[in-house]
Amino acid sequence: RTEKKLVAQCVLTPYHGNGLGGATPVGARRYTFQSNAALGKALKAKADPNDVPEPACGAWGDDPDGIQYFEAQPASGVQKALFVRVGQDEPLFDEATLRLR
């Protein structure tokens, strides 16, 4: 759903947490889309220090103003992924209890 030109400038990277202490559950893998080096440099050059930037990789990528990521649970044997959009603050649910079936 993201523009192809933008997708070509983004890379899938491991999601390392939201800084609120929510560790990735055992057996799960979390990922996000972040800008490649060239796009990151271009966005940084034109960024307004007084404004929160738009997500560099679109609505499904890393969000500088919120917490969102993709989660796969390969240990479960299920070949699906979740898109988890928590929002700006500590989640109102326990991220460690999400299960794919």
# chains A, B, ... in the order shown; residues from 1 in each chain; ligands from 1

$ select_by_dssp --residues "segment 25-98 of chain A" --states "strand (DSSP E or B)" --output "ChimeraX atom specification"
/A:29-35,67-72,81-87

$ write_last_selection --atoms "N, CA and C atoms" --output "short mmCIF file (atom, residue, chain, number, x, y, z; two decimals), in the first residue's frame"
data_model
loop_
_atom_site.label_atom_id
_atom_site.label_comp_id
_atom_site.auth_asym_id
_atom_site.auth_seq_id
_atom_site.Cartn_x
_atom_site.Cartn_y
_atom_site.Cartn_z
N ARG A 29 9.51 -12.53 16.81
CA ARG A 29 10.46 -11.63 16.16
C ARG A 29 9.68 -10.38 15.76
N ARG A 30 10.26 -9.21 16.05
CA ARG A 30 9.61 -7.95 15.72
C ARG A 30 10.45 -7.18 14.71
N TYR A 31 9.76 -6.55 13.75
CA TYR A 31 10.43 -5.84 12.66
C TYR A 31 9.74 -4.51 12.38
N THR A 32 10.49 -3.62 11.74
CA THR A 32 9.93 -2.37 11.27
C THR A 32 10.63 -1.98 9.97
N PHE A 33 10.05 -1.06 9.23
CA PHE A 33 10.69 -0.54 8.02
C PHE A 33 11.31 0.81 8.36
N GLN A 34 12.58 0.96 8.03
CA GLN A 34 13.29 2.22 8.25
C GLN A 34 13.91 2.68 6.95
N SER A 35 14.19 3.97 6.87
CA SER A 35 14.79 4.53 5.66
C SER A 35 16.21 4.01 5.48
N ILE A 67 4.43 4.05 18.49
CA ILE A 67 5.01 2.72 18.58
C ILE A 67 4.22 1.80 17.67
N GLN A 68 4.91 1.22 16.69
CA GLN A 68 4.26 0.27 15.79
C GLN A 68 5.33 -0.63 15.18
N TYR A 69 4.95 -1.87 14.95
CA TYR A 69 5.89 -2.85 14.42
C TYR A 69 5.13 -4.05 13.88
N PHE A 70 5.84 -4.88 13.13
CA PHE A 70 5.32 -6.15 12.67
C PHE A 70 5.86 -7.22 13.61
N GLU A 71 5.06 -8.22 13.90
CA GLU A 71 5.52 -9.32 14.74
C GLU A 71 5.22 -10.65 14.06
N ALA A 72 6.25 -11.48 13.97
CA ALA A 72 6.12 -12.86 13.51
C ALA A 72 6.39 -13.76 14.70
N ALA A 81 1.79 -12.83 10.14
CA ALA A 81 2.43 -11.75 10.89
C ALA A 81 1.35 -10.80 11.40
N LEU A 82 1.64 -10.17 12.51
CA LEU A 82 0.75 -9.15 13.08
C LEU A 82 1.33 -7.78 12.79
N PHE A 83 0.48 -6.80 12.56
CA PHE A 83 0.92 -5.41 12.57
C PHE A 83 0.37 -4.83 13.86
N VAL A 84 1.25 -4.40 14.74
CA VAL A 84 0.86 -3.89 16.05
C VAL A 84 1.08 -2.39 16.07
N ARG A 85 0.01 -1.63 16.26
CA ARG A 85 0.10 -0.17 16.37
C ARG A 85 -0.35 0.19 17.78
N VAL A 86 0.61 0.48 18.63
CA VAL A 86 0.34 0.77 20.03
C VAL A 86 -0.13 2.20 20.22
N GLY A 87 0.52 3.13 19.55
CA GLY A 87 0.22 4.54 19.72
C GLY A 87 1.42 5.27 20.31
#

$ select_by_dssp --residues "segment 31-62 of chain A" --states "helix (DSSP H, G or I)" --output "MDAnalysis selection string"
chainID A and resid 37:46

$ write_last_selection --atoms "C-alpha atoms" --output "mmCIF file, in the first residue's frame"
data_model
loop_
_atom_site.group_PDB
_atom_site.id
_atom_site.type_symbol
_atom_site.label_atom_id
_atom_site.label_comp_id
_atom_site.auth_asym_id
_atom_site.auth_seq_id
_atom_site.Cartn_x
_atom_site.Cartn_y
_atom_site.Cartn_z
ATOM 1 C CA ALA A 37 21.101 5.667 4.468
ATOM 2 C CA ALA A 38 20.443 7.929 1.463
ATOM 3 C CA LEU A 39 16.810 8.654 2.351
ATOM 4 C CA GLY A 40 17.698 9.113 6.019
ATOM 5 C CA LYS A 41 20.360 11.667 5.137
ATOM 6 C CA ALA A 42 17.995 13.566 2.826
ATOM 7 C CA LEU A 43 15.222 13.671 5.431
ATOM 8 C CA LYS A 44 17.613 14.771 8.169
ATOM 9 C CA ALA A 45 18.881 17.637 5.984
ATOM 10 C CA LYS A 46 15.390 19.074 5.491
#

$ atom_distance --atom1 "atom CA of Thr2 of chain A" --atom2 "atom CA of Gln79 of chain A"
22.5 Å

$ residues_around --residues "Val78 of chain A" --least-positions-apart "3" --cutoff "7 Å" --atoms "only C-alpha atoms" --output "count of residues only"
4

$ atom_distance --atom1 "atom CA of Leu12 of chain A" --atom2 "atom CA of Gly66 of chain A"
17.7 Å

$ closest_residue --among "A:Pro53, A:Pro91, A:Gly61, A:Gly77" --to "Val11 of chain A" --atoms "only C-alpha atoms"
A:Gly61

$ residues_around --residues "Leu6 of chain A" --least-positions-apart "5" --cutoff "9 Å" --atoms "only C-alpha atoms" --output "MDAnalysis selection string"
chainID A and resid 35 56:58

$ write_last_selection --atoms "all heavy atoms" --output "CSV table (one decimal), in the first residue's frame"
chain,number,residue,atom,x,y,z
A,35,SER,N,14.2,4.0,6.9
A,35,SER,CA,14.8,4.5,5.7
A,35,SER,C,16.2,4.0,5.5
A,35,SER,O,16.9,3.7,6.5
A,35,SER,CB,14.8,6.1,5.7
A,35,SER,OG,15.5,6.5,6.9
A,56,ALA,N,9.1,8.1,7.8
A,56,ALA,CA,10.0,8.1,6.6
A,56,ALA,C,9.6,7.0,5.6
A,56,ALA,O,9.7,7.2,4.4
A,56,ALA,CB,11.4,7.8,7.0
A,57,CYS,N,9.0,5.9,6.0
A,57,CYS,CA,8.6,4.8,5.1
A,57,CYS,C,7.1,4.6,5.1
A,57,CYS,O,6.7,3.5,4.8
A,57,CYS,CB,9.3,3.5,5.6
A,57,CYS,SG,11.1,3.6,5.3
A,58,GLY,N,6.4,5.7,5.3
A,58,GLY,CA,5.0,5.6,5.2
A,58,GLY,C,4.3,5.1,6.4
A,58,GLY,O,4.9,4.9,7.4

$ closest_residue --among "A:Gly27, A:Arg1, A:Asp62, A:Asn50" --to "Pro14 of chain A" --atoms "only C-alpha atoms"
A:Asp62

$ closest_residue --among "A:Ala28, A:Pro49, A:Asn36, A:Leu98" --to "Val7 of chain A" --atoms "only C-alpha atoms"
A:Asn36
